[in-house]
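These notes are about the structure you will find just below.
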Amino acid sequence: MKKVIFSFIITLLTFSLSQAQKPKTPSSSNIYESIQKLNFLGTVLYIAAHPDDENTRLISYMSNHLKARTGYLALTRGDGGQNLIGPEIRELLGVIRTQELLAARRIDGGEQFFSRANDFGYSKHPDETLTIWNKEEVLSDVVLVIRQFKPDIIINRFDHRSPGTTHGHHTSSAMLSFEAFDLANKKSAYPGQLKQTSLWQPKRLFFNTSYWFYGSQEKFDAADKSNMLNFDIGTYYNLKGLSNNEVASIASSQHLSQGFGRLSQRGSQNEYIEFLKGDPLTNKEDIFAGIDTSWNRVKDGKTIGDILSKVEENFNFTNPSTHIPQLLEAYKLLQNVEDDYWKIQKTKELKSIIEMCAGLYLEASAENNWATQNETINLNIEALNRSNYPILLESIENSSELKISKNITLTENTKYTFKEQLKINNKQQPTSPYWLTKKGTLGMYKVDHSNLIGLPETPRAYKVNFNLLIDNTPITFTKNIVQRYSKPDKGELYRPFEIIPEASAKIPEKVIIFENEKQKDIEVIVKAGHDNLEGYIEVCHPNDWNIYPEKQTINIANKGEEQTFIFTVIPPKNQSEGNIGPIVHINDKEYTKELIEINYEHIPFQTVLLPSESKVVRLDIKKKGENIAYIQGAGDVVPESLQQIGYNVRVLKPDDLDAETLSRFDAVVVGIRAYNVVDDLKFKQQLLFDFVSQGGNMIVQYNTNRRLKTEQIAPYNLKLSRDRVTDENAEVTFLNPQHPLLNYPNKITQQDFEGWTQERGLYFPNGWSSEFTSILSMHDKGETAKDGSLLVAKHGKGYYIYTGLSFFREFPAGVSGAYRLFANMLSIGKEDLKLEANLND
């Protein structure tokens with residue numbers, strides 16, 4: 001798996017760690033900031049649609065300046081976006097973007113929540129969005145998060161009053177939030193939720209407005225702001241050595257898959273929020289005006305507040321452990337508080353502060369980062385008290401599987417290590433994102449367990465409880481089991497501990513294209529979850545396809561090893577498509593899922609279990625030309641897809657491009673968003689245009705019209721826009737039916753535009769010079785025709801083609817027509833003389 005080297009100044013913040021499981025190493029400043037937050041009893045919930053929609057400046061300001069408990073509810077996980085750092089799209093991209101959000105929250109101090117809504121791709125209107133999403137289910141999720149998080153303040157990222165002016169997901173998030181604001185306190189609304197939570201009425205709802213929503217800075221400057229609050233969010237945090245804007249920039253830079261790595265910002269900056277409804281504003285300088293955010297808002301909380309206020313006022317930066325007696329006193333009083341919400345939340349915070357003040361290091365590390373059902377694993381347990389305050393380790397336990405009495409006094413700075421064994425339950429389900437366990441719909445994930453709804457990730461199945469006695473006060477600290485290990489070139493590393501199935505299997509090619517009747521050998525790889533894996537494997541297939549041998553024997557000696565099997569796939573004579581998948585048989589059990597590993601340095605290592613399935617397509621396809629140069633852009637599988645249909649594809653970097661090298665190729669294909677992300681490509685444009693003029697073909701796939709590295713992406717004038725067709729079934733009109741692109745070597749018909757996925761295309765040009773010929777016209781419902789999806793221009797002896805059609809989505813889905821059309825694009829100029837003569841006539 002491709003890795004990304006990511007360096008930043010984040011080491012100045014204790015909660016900013018490239019390895020998310022690595023234990024915190026808090027400084028006295030961090031402890032003091034935690035005590036400040038402990039003494040603030042107010043909550044803010046920010047709501048938007050996708051990962052990277054959130055305003056990290058405002059989240060950081062609420063969390064770090066106002067000290068409020070701050071959360072971000074993203075209705076989707078961003079599955080429908082593009083991926084700038086690797087090949088993962090759809091569900092796997094959603095896993096990456098979920099972890100990027102969690103990484104951002106660890107930096108800006110917020111918490112993260114989600115609904116069950118699936119990011120099905122760009123939507124132009126909330127009516128479409130809320131139909132595909134299932135409005136009632138998503139609305140219930142928003143209500144649930146409000147009832148559980150209990151925000152005093154809700155802030156919408158988008159305007160609920162502007163349907164049709166921006167992404168339908170964006171407006172929908174605001175509309176649902178506006179409706180949920182009142183529903184959260186109604187017994188008649190989703191009464192089933194009240195078994196696990198309680199009613200709640202937020203005090204105020206705001207819209208996080210800016211000049212962008214007004215069309216220009218001038219219009220915003222002239223707007224009536226009497227109903228708005230504004231904050232200078234550029235405040236400087238002396239304890240961090242960073243400004244709020246710098247913290248926010250580092251947080252938003254975690255969205256690397258979306259190209260959000262950016263320079264940090266400093267200095268004064270105003271942020272505006274518009275009051276929408278709730279308790280009227282009594283003080284435009286204070287978002288919490290009229291809301292008691294002290295310990296007095298909790299019955300019997302004044303005494304606790306008095307104790308903790310003295311700790312804050314007289315904090316000992318040189319020896320925070322001196323405050324442990326007062327913290328313990330507050331902790332004991334807190335256990336008798338009737339308000340369950342604040343009791344649970346503040347107990348969690350207070351325990352963390354006690355742990356930090358004592359310099360406690362508690363860890364349970366497994367020898368491997370995964371295990372299977374019924375397996376016994378070795379644990380390395382470490383306990384260390386780095387204060388002079390006496391602490392007794394009474395026992396360590398993990399539910400019923402592990403419970404060991406210790407009764408050891410943890411003396412100052414003395415490390416205590418234990419080796420224990422843990423038996424994995426024989427019914428323990430494998431670790432995987434809970435929202436991907438069951439097959440959902442286009443717009444919704446299926447989640448059977450209501451207690452999981454809203455959570456950012458699946459709770460870890462195996463933890464270790466350290467039962468301590470501190471000054472005769474019992475306190476339990478719970479730690480997830482991890483794997484701590486090292487690499488010579490990386491140093492100390494951490495991975496989460498996962499449960500995997502005893503066997504998994506995969507076919508590396510997710511789409512296998514057969515351009516003729518010739519059979520192909522495919523690989524099927526089986527991975528062992530434990531030692532001495534024995535059984536057999538077969539491959540299921542459609543009736544009109546054949547695969548042999550029928551089954552093969554599995555014999556893998558060591559846990560973690562893989563065995564590769566070769567099966568021969570024989571396609572039918574005529575065009576056909578279907579799915580094939582491996583079935584592993586072990587001791588009367590069947591395993592049909594693939595274990596996918598996601599490994600990037602800015603997020604924790606992830607394992608995902610998905611059905612192991614590959615699409616087989618017998619194509620009626622012809623092609624001309626053999627050798628293709630591919631210039632990678634933001635990441636796609638187009639090169640592999642072209643290899644599937646018999647092209648010789650070589651991936652080139654801009655440094656590899658010269659006239660001699662290009663002369664060996666029939667065509668050059670430029671990957672998606674290459675002119676947005678590849679800096680050096682702008683220096684090679686004339687070289688590429690010369691290649692075309694000398695008889696080569698150049699195909700450029702879509703780029704966004706913002707942040708282009710060069711404006712001269714074509715040899716003639718070409719203006720990119722934000723035009724797109726989001727309906728994958730939108731009618732396609734052939735503007736030039738006799739053009740070679742629609743006739744040679746494959747006759748393109750309406751059937752070739754059936755079965756497309758997510759969209760037709762995006763960022764079409766909306767202006768071009770007379771040298772270009774427009775081939776196709778299409779549009780979404782109620783919109784004008786978009787004629788810029790496929791443009792071709794003769795340039796010298798060759799052809800330049802620009803296309804916004806989403807081949808990068810259609811190829812991985814095995815869409816036959818997309819392959820046939822792309823083959824025509826690569827073959828242009830090589831058509832027979834008769835067809836060319838007809839075109840000239």
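Labels used: A, B, ... for chains in the order of the structure tokens, numbers from 1 for residues in each chain, and numbers from 1 for ligands as shown.
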
Near stretch 793-799 of chain A, counting only C-alpha atoms, which residues have an atom at most 9 Å away, once you skip same-chain residues fewer than 2 positions from it, shown as a PyMOL selection string?
-> chain A and resi 689-699+715-716+770-773+791+801-802+828-829

Could you take the residues named above and write them with N, CA and C atoms, as a JSON list (two decimals), in the first residue's frame?
```
[["chain", "number", "residue", "atom", "x", "y", "z"],
["A", 689, "PHE", "N", 2.47, 18.78, -26.82],
["A", 689, "PHE", "CA", 1.77, 19.28, -28.01],
["A", 689, "PHE", "C", 2.53, 18.94, -29.27],
["A", 690, "ASP", "N", 3.87, 18.99, -29.21],
["A", 690, "ASP", "CA", 4.68, 18.59, -30.37],
["A", 690, "ASP", "C", 4.48, 17.12, -30.69],
["A", 691, "PHE", "N", 4.36, 16.30, -29.65],
["A", 691, "PHE", "CA", 4.10, 14.87, -29.84],
["A", 691, "PHE", "C", 2.80, 14.68, -30.62],
["A", 692, "VAL", "N", 1.78, 15.47, -30.29],
["A", 692, "VAL", "CA", 0.51, 15.37, -30.99],
["A", 692, "VAL", "C", 0.66, 15.82, -32.43],
["A", 693, "SER", "N", 1.32, 16.93, -32.64],
["A", 693, "SER", "CA", 1.45, 17.47, -34.00],
["A", 693, "SER", "C", 2.20, 16.53, -34.92],
["A", 694, "GLN", "N", 3.03, 15.68, -34.33],
["A", 694, "GLN", "CA", 3.80, 14.73, -35.13],
["A", 694, "GLN", "C", 3.08, 13.40, -35.34],
["A", 695, "GLY", "N", 1.82, 13.32, -34.89],
["A", 695, "GLY", "CA", 1.02, 12.14, -35.19],
["A", 695, "GLY", "C", 0.53, 11.35, -33.99],
["A", 696, "GLY", "N", 0.90, 11.76, -32.78],
["A", 696, "GLY", "CA", 0.45, 11.04, -31.60],
["A", 696, "GLY", "C", -0.91, 11.53, -31.13],
["A", 697, "ASN", "N", -1.53, 10.79, -30.26],
["A", 697, "ASN", "CA", -2.80, 11.19, -29.65],
["A", 697, "ASN", "C", -2.57, 11.53, -28.18],
["A", 698, "MET", "N", -3.27, 12.55, -27.70],
["A", 698, "MET", "CA", -3.16, 12.96, -26.31],
["A", 698, "MET", "C", -4.56, 13.06, -25.72],
["A", 699, "ILE", "N", -4.80, 12.32, -24.66],
["A", 699, "ILE", "CA", -6.10, 12.33, -23.98],
["A", 699, "ILE", "C", -5.89, 12.92, -22.59],
["A", 715, "PRO", "N", -3.65, 22.69, -26.74],
["A", 715, "PRO", "CA", -2.97, 23.51, -27.75],
["A", 715, "PRO", "C", -3.84, 24.65, -28.28],
["A", 716, "TYR", "N", -5.14, 24.62, -27.98],
["A", 716, "TYR", "CA", -6.06, 25.67, -28.38],
["A", 716, "TYR", "C", -6.82, 26.15, -27.14],
["A", 770, "SER", "N", -12.74, 27.06, -32.08],
["A", 770, "SER", "CA", -13.38, 26.38, -33.22],
["A", 770, "SER", "C", -12.63, 25.12, -33.64],
["A", 771, "GLU", "N", -11.39, 24.97, -33.21],
["A", 771, "GLU", "CA", -10.64, 23.77, -33.58],
["A", 771, "GLU", "C", -11.22, 22.50, -32.93],
["A", 772, "PHE", "N", -11.97, 22.68, -31.85],
["A", 772, "PHE", "CA", -12.53, 21.54, -31.15],
["A", 772, "PHE", "C", -13.88, 21.14, -31.75],
["A", 773, "THR", "N", -14.14, 19.85, -31.73],
["A", 773, "THR", "CA", -15.44, 19.30, -32.10],
["A", 773, "THR", "C", -16.06, 18.67, -30.86],
["A", 791, "LEU", "N", -14.38, 16.46, -26.05],
["A", 791, "LEU", "CA", -13.97, 17.38, -27.10],
["A", 791, "LEU", "C", -12.72, 16.84, -27.79],
["A", 801, "ILE", "N", -7.53, 15.27, -27.22],
["A", 801, "ILE", "CA", -8.87, 15.01, -26.69],
["A", 801, "ILE", "C", -8.92, 15.45, -25.23],
["A", 802, "TYR", "N", -9.95, 16.22, -24.91],
["A", 802, "TYR", "CA", -10.21, 16.55, -23.50],
["A", 802, "TYR", "C", -11.55, 15.94, -23.12],
["A", 828, "ILE", "N", -8.17, 6.93, -32.48],
["A", 828, "ILE", "CA", -8.49, 7.96, -33.45],
["A", 828, "ILE", "C", -7.27, 8.30, -34.32],
["A", 829, "GLY", "N", -7.54, 8.51, -35.60],
["A", 829, "GLY", "CA", -6.45, 8.78, -36.54],
["A", 829, "GLY", "C", -5.92, 7.53, -37.20]]
```

Stretch 444-546 of chain A: which residues are strand (DSSP E) by DSSP, as a count of residues only?
-> 56

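Of the listed residues A:Phe317, A:Glu91, A:Asn369, A:Ile287, the one whose atoms come nearest to A:Thr437 is A:Glu91, with distances taken using only C-alpha atoms.
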
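Within 12 Å of A:Leu194, once only C-alpha atoms are used and residues closer than 3 positions along the same chain are dropped, the contacting residues are Ser140, Val143, Leu144, Arg147, Gln148, Ala184, Asn185, Lys186, Lys187, Ser188, Ala189, Tyr190, Pro191, Thr197, Ser198, Leu199, Trp200, Ser450 and Asn451 of chain A.
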
Residues of the last selection are to be written out with all heavy atoms, as a short mmCIF file (atom, residue, chain, number, x, y, z; two decimals), in the first residue's frame.
```
data_model
loop_
_atom_site.label_atom_id
_atom_site.label_comp_id
_atom_site.auth_asym_id
_atom_site.auth_seq_id
_atom_site.Cartn_x
_atom_site.Cartn_y
_atom_site.Cartn_z
N SER A 140 -33.31 11.24 12.00
CA SER A 140 -33.30 10.57 13.31
C SER A 140 -31.88 10.49 13.86
O SER A 140 -31.66 10.60 15.07
CB SER A 140 -33.91 9.17 13.20
OG SER A 140 -33.03 8.25 12.59
N VAL A 143 -31.00 13.90 15.29
CA VAL A 143 -31.69 14.04 16.57
C VAL A 143 -30.97 13.23 17.65
O VAL A 143 -30.77 13.69 18.78
CB VAL A 143 -33.16 13.61 16.45
CG1 VAL A 143 -33.82 13.51 17.83
CG2 VAL A 143 -33.93 14.59 15.57
N LEU A 144 -30.57 12.00 17.31
CA LEU A 144 -29.89 11.14 18.28
C LEU A 144 -28.58 11.76 18.76
O LEU A 144 -28.30 11.78 19.97
CB LEU A 144 -29.62 9.76 17.66
CG LEU A 144 -28.88 8.76 18.55
CD1 LEU A 144 -29.69 8.43 19.79
CD2 LEU A 144 -28.54 7.50 17.77
N ARG A 147 -29.35 14.57 21.11
CA ARG A 147 -29.81 14.09 22.42
C ARG A 147 -28.66 13.51 23.24
O ARG A 147 -28.64 13.61 24.47
CB ARG A 147 -30.90 13.03 22.22
CG ARG A 147 -32.24 13.62 21.81
CD ARG A 147 -33.25 12.54 21.42
NE ARG A 147 -34.58 13.12 21.24
CZ ARG A 147 -35.64 12.42 20.79
NH1 ARG A 147 -35.49 11.14 20.48
NH2 ARG A 147 -36.81 13.02 20.67
N GLN A 148 -27.71 12.87 22.58
CA GLN A 148 -26.60 12.26 23.31
C GLN A 148 -25.52 13.28 23.67
O GLN A 148 -24.99 13.28 24.78
CB GLN A 148 -26.00 11.13 22.47
CG GLN A 148 -26.92 9.93 22.33
CD GLN A 148 -26.34 8.84 21.45
OE1 GLN A 148 -25.59 9.11 20.51
NE2 GLN A 148 -26.68 7.59 21.73
N ALA A 184 -35.49 17.33 18.88
CA ALA A 184 -34.70 16.64 19.91
C ALA A 184 -35.37 16.70 21.28
O ALA A 184 -35.09 15.87 22.14
CB ALA A 184 -33.30 17.24 19.98
N ASN A 185 -36.28 17.65 21.48
CA ASN A 185 -36.94 17.79 22.78
C ASN A 185 -38.40 17.36 22.75
O ASN A 185 -39.16 17.68 23.66
CB ASN A 185 -36.83 19.24 23.26
CG ASN A 185 -37.02 19.37 24.76
OD1 ASN A 185 -36.58 18.52 25.53
ND2 ASN A 185 -37.70 20.43 25.18
N LYS A 186 -38.79 16.63 21.69
CA LYS A 186 -40.17 16.18 21.59
C LYS A 186 -40.24 14.68 21.82
O LYS A 186 -39.58 13.90 21.13
CB LYS A 186 -40.74 16.53 20.21
CG LYS A 186 -40.97 18.02 20.01
CD LYS A 186 -41.64 18.30 18.67
CE LYS A 186 -41.93 19.79 18.51
NZ LYS A 186 -42.59 20.08 17.21
N LYS A 187 -41.08 14.26 22.77
CA LYS A 187 -41.21 12.84 23.07
C LYS A 187 -41.75 12.04 21.89
O LYS A 187 -41.44 10.86 21.72
CB LYS A 187 -42.15 12.65 24.27
CG LYS A 187 -41.59 13.10 25.60
CD LYS A 187 -42.59 12.81 26.72
CE LYS A 187 -42.04 13.26 28.06
NZ LYS A 187 -43.00 12.98 29.17
N SER A 188 -42.55 12.68 21.07
CA SER A 188 -43.16 11.99 19.93
C SER A 188 -42.17 11.73 18.80
O SER A 188 -42.45 10.94 17.90
CB SER A 188 -44.34 12.81 19.40
OG SER A 188 -43.91 14.11 19.00
N ALA A 189 -41.04 12.40 18.83
CA ALA A 189 -40.03 12.23 17.77
C ALA A 189 -39.07 11.12 18.14
O ALA A 189 -38.35 11.22 19.13
CB ALA A 189 -39.28 13.54 17.55
N TYR A 190 -39.10 10.05 17.37
CA TYR A 190 -38.18 8.91 17.55
C TYR A 190 -38.14 8.45 19.01
O TYR A 190 -37.08 8.47 19.65
CB TYR A 190 -36.78 9.28 17.04
CG TYR A 190 -36.82 9.97 15.69
CD1 TYR A 190 -36.53 11.34 15.57
CD2 TYR A 190 -37.20 9.27 14.56
CE1 TYR A 190 -36.60 11.97 14.33
CE2 TYR A 190 -37.27 9.91 13.32
CZ TYR A 190 -36.98 11.25 13.22
OH TYR A 190 -37.06 11.88 12.00
N PRO A 191 -39.29 8.05 19.53
CA PRO A 191 -39.36 7.69 20.95
C PRO A 191 -38.47 6.51 21.32
O PRO A 191 -38.07 6.37 22.48
CB PRO A 191 -40.84 7.35 21.17
CG PRO A 191 -41.36 7.03 19.80
CD PRO A 191 -40.60 7.90 18.86
N THR A 197 -31.09 7.29 25.57
CA THR A 197 -30.71 8.68 25.83
C THR A 197 -31.93 9.43 26.35
O THR A 197 -32.93 8.82 26.72
CB THR A 197 -30.13 9.34 24.56
OG1 THR A 197 -29.64 10.64 24.87
CG2 THR A 197 -31.17 9.44 23.46
N SER A 198 -31.84 10.75 26.39
CA SER A 198 -32.95 11.54 26.94
C SER A 198 -33.19 12.76 26.06
O SER A 198 -32.37 13.12 25.21
CB SER A 198 -32.63 11.99 28.37
OG SER A 198 -31.43 12.74 28.41
N LEU A 199 -34.34 13.41 26.28
CA LEU A 199 -34.69 14.60 25.51
C LEU A 199 -33.68 15.72 25.78
O LEU A 199 -33.07 15.78 26.84
CB LEU A 199 -36.09 15.08 25.88
CG LEU A 199 -37.25 14.11 25.61
CD1 LEU A 199 -38.55 14.69 26.16
CD2 LEU A 199 -37.37 13.81 24.13
N TRP A 200 -33.55 16.59 24.80
CA TRP A 200 -32.66 17.73 24.97
C TRP A 200 -33.10 18.88 24.08
O TRP A 200 -33.46 18.68 22.92
CB TRP A 200 -31.22 17.36 24.63
CG TRP A 200 -30.27 18.51 24.85
CD1 TRP A 200 -29.64 19.27 23.89
CD2 TRP A 200 -29.86 19.06 26.11
NE1 TRP A 200 -28.87 20.25 24.46
CE2 TRP A 200 -28.97 20.13 25.83
CE3 TRP A 200 -30.13 18.74 27.44
CZ2 TRP A 200 -28.38 20.89 26.84
CZ3 TRP A 200 -29.55 19.49 28.44
CH2 TRP A 200 -28.67 20.54 28.14
N SER A 450 -28.29 -0.07 17.17
CA SER A 450 -28.55 1.36 17.34
C SER A 450 -27.50 2.04 18.22
O SER A 450 -27.28 3.24 18.10
CB SER A 450 -29.94 1.57 17.95
OG SER A 450 -30.04 0.93 19.22
N ASN A 451 -26.83 1.27 19.09
CA ASN A 451 -25.83 1.88 19.97
C ASN A 451 -24.58 2.29 19.21
O ASN A 451 -23.72 2.99 19.75
CB ASN A 451 -25.46 0.93 21.11
CG ASN A 451 -24.85 -0.37 20.59
OD1 ASN A 451 -25.33 -0.95 19.63
ND2 ASN A 451 -23.80 -0.82 21.25
#
```

Measure the distance from atom CA of A:Pro740 to atom CA of A:Glu660 in Å and round it to one decimal.
->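 Going from atom CA of A:Pro740 over to atom CA of A:Glu660 covers 28.6 Å.
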
Which neighbours of A:Asn425 fall inside 8 Å, counting only C-alpha atoms, when residues of the same chain fewer than 3 positions from it are skipped, and could you give them as a PDB file with C-alpha atoms, in the first residue's frame?
```pdb
ATOM      1  CA  GLN A 373     -11.182 -16.473  17.223  1.00  0.00           C
ATOM      2  CA  ASN A 374     -10.193 -18.955  19.939  1.00  0.00           C
ATOM      3  CA  GLU A 375      -6.518 -17.928  19.739  1.00  0.00           C
ATOM      4  CA  GLU A 401     -11.134 -13.576  29.706  1.00  0.00           C
ATOM      5  CA  GLN A 428     -15.685 -12.733  18.590  1.00  0.00           C
TER       6      GLN A 428
END
```

Between A:Ala557, A:Pro433, A:Val569, A:Gly454, which has the minimum distance to A:Asp521 (counting only C-alpha atoms)?
->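 Nearest to A:Asp521: A:Val569.
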
Pick from A:Ala505, A:Gly814, A:Arg495, A:Glu562 nearest to A:Glu577, counting only C-alpha atoms =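 With only C-alpha atoms as the atom set, the closest residue is A:Gly814.
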
All alpha helix (DSSP H) residues (DSSP, backbone) inside stretch 331-523 of chain A, as a list of chain:residue names | A:Tyr331, A:Lys332, A:Leu333, A:Leu334, A:Asp340, A:Tyr341, A:Trp342, A:Lys343, A:Ile344, A:Gln345, A:Lys346, A:Thr347, A:Lys348, A:Glu349, A:Leu350, A:Lys351, A:Ser352, A:Ile353, A:Ile354, A:Glu355, A:Met356, A:Cys357

Compile the contact shell of A:Asn717 as JSON, numbers by chain: residues with an atom at most 9 Å away, counting only C-alpha atoms, same-chain residues fewer than 2 positions apart removed.
-> {"A": [712, 713, 714, 715, 719, 767, 768, 769, 770, 771]}

Can I get the selection written as a short mmCIF file (atom, residue, chain, number, x, y, z; two decimals), in the first residue's frame, with C-alpha atoms?
```
data_model
loop_
_atom_site.label_atom_id
_atom_site.label_comp_id
_atom_site.auth_asym_id
_atom_site.auth_seq_id
_atom_site.Cartn_x
_atom_site.Cartn_y
_atom_site.Cartn_z
CA GLN A 712 -2.48 26.20 -21.19
CA ILE A 713 -3.72 22.63 -20.80
CA ALA A 714 -4.60 22.33 -24.51
CA PRO A 715 -2.97 23.51 -27.75
CA LYS A 719 -12.07 27.03 -20.62
CA GLY A 767 -15.90 27.34 -23.73
CA TRP A 768 -13.56 26.20 -26.49
CA SER A 769 -12.10 27.38 -29.78
CA SER A 770 -13.38 26.38 -33.22
CA GLU A 771 -10.64 23.77 -33.58
#
```

Excluding A:Glu759 and any residue of its chain fewer than 3 positions from it, enumerate the residues within 6 Å of it, using only C-alpha atoms, and give them as an MDAnalysis selection string.
-> chainID A and resid 726:728

May I have the residues from that selection written out with C-alpha atoms, as a tab-separated table (two decimals), in the first residue's frame?
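File produced: result_10.tsv:
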```tsv
chain	number	residue	atom	x	y	z
A	726	THR	CA	-24.49	13.92	-11.73
A	727	ASP	CA	-27.24	11.60	-12.99
A	728	GLU	CA	-25.39	8.51	-14.18
```

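Rounded to one decimal, atom CA of A:Leu229 and atom CA of A:Ile273 lie 5.4 Å from each other.
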
Residues within 8 Å of A:Leu350, only C-alpha atoms, excluding chain neighbours under 3 positions, as an mmCIF file with N, CA and C atoms, in the first residue's frame:
```cif
data_model
loop_
_atom_site.group_PDB
_atom_site.id
_atom_site.type_symbol
_atom_site.label_atom_id
_atom_site.label_comp_id
_atom_site.auth_asym_id
_atom_site.auth_seq_id
_atom_site.Cartn_x
_atom_site.Cartn_y
_atom_site.Cartn_z
ATOM 1 N N LEU A 38 -12.064 21.443 32.142
ATOM 2 C CA LEU A 38 -12.821 20.754 33.183
ATOM 3 C C LEU A 38 -13.755 21.727 33.892
ATOM 4 N N LEU A 327 -7.852 16.812 43.433
ATOM 5 C CA LEU A 327 -8.523 16.179 42.300
ATOM 6 C C LEU A 327 -9.288 14.937 42.734
ATOM 7 N N TYR A 331 -13.205 14.203 42.516
ATOM 8 C CA TYR A 331 -13.627 12.971 41.853
ATOM 9 C C TYR A 331 -14.665 12.220 42.690
ATOM 10 N N LYS A 346 -17.540 14.679 32.912
ATOM 11 C CA LYS A 346 -16.513 15.279 33.760
ATOM 12 C C LYS A 346 -15.708 14.224 34.525
ATOM 13 N N THR A 347 -16.302 13.064 34.795
ATOM 14 C CA THR A 347 -15.526 11.974 35.387
ATOM 15 C C THR A 347 -14.440 11.526 34.415
ATOM 16 N N ILE A 353 -7.039 13.806 33.873
ATOM 17 C CA ILE A 353 -6.163 14.790 34.512
ATOM 18 C C ILE A 353 -5.386 14.152 35.663
ATOM 19 N N ILE A 354 -6.038 13.315 36.454
ATOM 20 C CA ILE A 354 -5.341 12.604 37.535
ATOM 21 C C ILE A 354 -4.233 11.728 36.955
#
```

Report as JSON lines the residues of stretch 658-718 of chain A within 8 Å of stretch 619-631 of chain A, each with its shortest atom pair and distance in Å (one decimal), using only C-alpha atoms, ordered by chain and increasing residue number.
```
{"residue": "A:Leu662", "atom": "CA", "partner": "A:Ala629", "partner_atom": "CA", "distance": 7.7}
{"residue": "A:Arg664", "atom": "CA", "partner": "A:Asn627", "partner_atom": "CA", "distance": 7.4}
{"residue": "A:Phe665", "atom": "CA", "partner": "A:Asn627", "partner_atom": "CA", "distance": 4.9}
{"residue": "A:Asp666", "atom": "CA", "partner": "A:Asn627", "partner_atom": "CA", "distance": 5.5}
{"residue": "A:Ala667", "atom": "CA", "partner": "A:Ile628", "partner_atom": "CA", "distance": 5.1}
{"residue": "A:Val668", "atom": "CA", "partner": "A:Ala629", "partner_atom": "CA", "distance": 4.7}
{"residue": "A:Val669", "atom": "CA", "partner": "A:Tyr630", "partner_atom": "CA", "distance": 4.9}
{"residue": "A:Val670", "atom": "CA", "partner": "A:Ile631", "partner_atom": "CA", "distance": 4.8}
{"residue": "A:Gly671", "atom": "CA", "partner": "A:Ile631", "partner_atom": "CA", "distance": 5.8}
{"residue": "A:Ala674", "atom": "CA", "partner": "A:Ile631", "partner_atom": "CA", "distance": 7.7}
```

With C-alpha atoms retained, could you export that selection as an mmCIF file, in the first residue's frame?
```cif
data_model
loop_
_atom_site.group_PDB
_atom_site.id
_atom_site.type_symbol
_atom_site.label_atom_id
_atom_site.label_comp_id
_atom_site.auth_asym_id
_atom_site.auth_seq_id
_atom_site.Cartn_x
_atom_site.Cartn_y
_atom_site.Cartn_z
ATOM 1 C CA LEU A 662 7.413 9.886 -26.463
ATOM 2 C CA ARG A 664 7.798 5.116 -28.777
ATOM 3 C CA PHE A 665 4.123 5.597 -27.923
ATOM 4 C CA ASP A 666 0.929 5.770 -29.924
ATOM 5 C CA ALA A 667 -0.821 7.913 -27.330
ATOM 6 C CA VAL A 668 -0.311 9.794 -24.094
ATOM 7 C CA VAL A 669 -3.073 9.711 -21.468
ATOM 8 C CA VAL A 670 -3.023 12.291 -18.669
ATOM 9 C CA GLY A 671 -4.536 11.134 -15.360
ATOM 10 C CA ALA A 674 -2.883 16.004 -13.156
#
```

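Proximity ranking of A:Leu66, A:Leu735, A:Leu75, A:Val678 relative to A:His170 places A:Leu75 first, based on only C-alpha atoms.
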
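As for atom CA of A:Leu183 and atom CA of A:Thr76, they are spaced 21.0 Å apart.
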
Within 12 Å of stretch 497-502 of chain A, which residues of stretch 330-367 of chain A come that close, and what is the closest atom pair and distance in Å for each? Count only C-alpha atoms and give it as a Markdown table.
```
| residue | atom | partner | partner_atom | distance |
| --- | --- | --- | --- | --- |
| A:Ala364 | CA | A:Phe497 | CA | 10.2 |
| A:Ser365 | CA | A:Phe497 | CA | 8.5 |
| A:Ala366 | CA | A:Phe497 | CA | 7.3 |
| A:Glu367 | CA | A:Phe497 | CA | 9.6 |
```

Using all heavy atoms, can you write the selected residues to a file as a short mmCIF file (atom, residue, chain, number, x, y, z; two decimals), in the first residue's frame?
```
data_model
loop_
_atom_site.label_atom_id
_atom_site.label_comp_id
_atom_site.auth_asym_id
_atom_site.auth_seq_id
_atom_site.Cartn_x
_atom_site.Cartn_y
_atom_site.Cartn_z
N ALA A 364 -0.97 -2.04 27.40
CA ALA A 364 -1.10 -3.47 27.12
C ALA A 364 -0.78 -3.68 25.65
O ALA A 364 -1.55 -3.26 24.78
CB ALA A 364 -2.50 -3.96 27.44
N SER A 365 0.35 -4.32 25.38
CA SER A 365 0.83 -4.48 24.00
C SER A 365 0.85 -5.95 23.62
O SER A 365 1.41 -6.79 24.35
CB SER A 365 2.23 -3.88 23.85
OG SER A 365 2.75 -4.14 22.56
N ALA A 366 0.24 -6.29 22.49
CA ALA A 366 0.24 -7.66 21.98
C ALA A 366 1.47 -7.87 21.10
O ALA A 366 2.02 -6.92 20.54
CB ALA A 366 -1.03 -7.93 21.19
N GLU A 367 1.87 -9.13 20.98
CA GLU A 367 3.05 -9.45 20.16
C GLU A 367 2.78 -9.23 18.68
O GLU A 367 3.70 -8.95 17.92
CB GLU A 367 3.49 -10.89 20.41
CG GLU A 367 4.10 -11.10 21.78
CD GLU A 367 4.63 -12.50 21.99
OE1 GLU A 367 4.27 -13.40 21.18
OE2 GLU A 367 5.40 -12.71 22.94
#
```
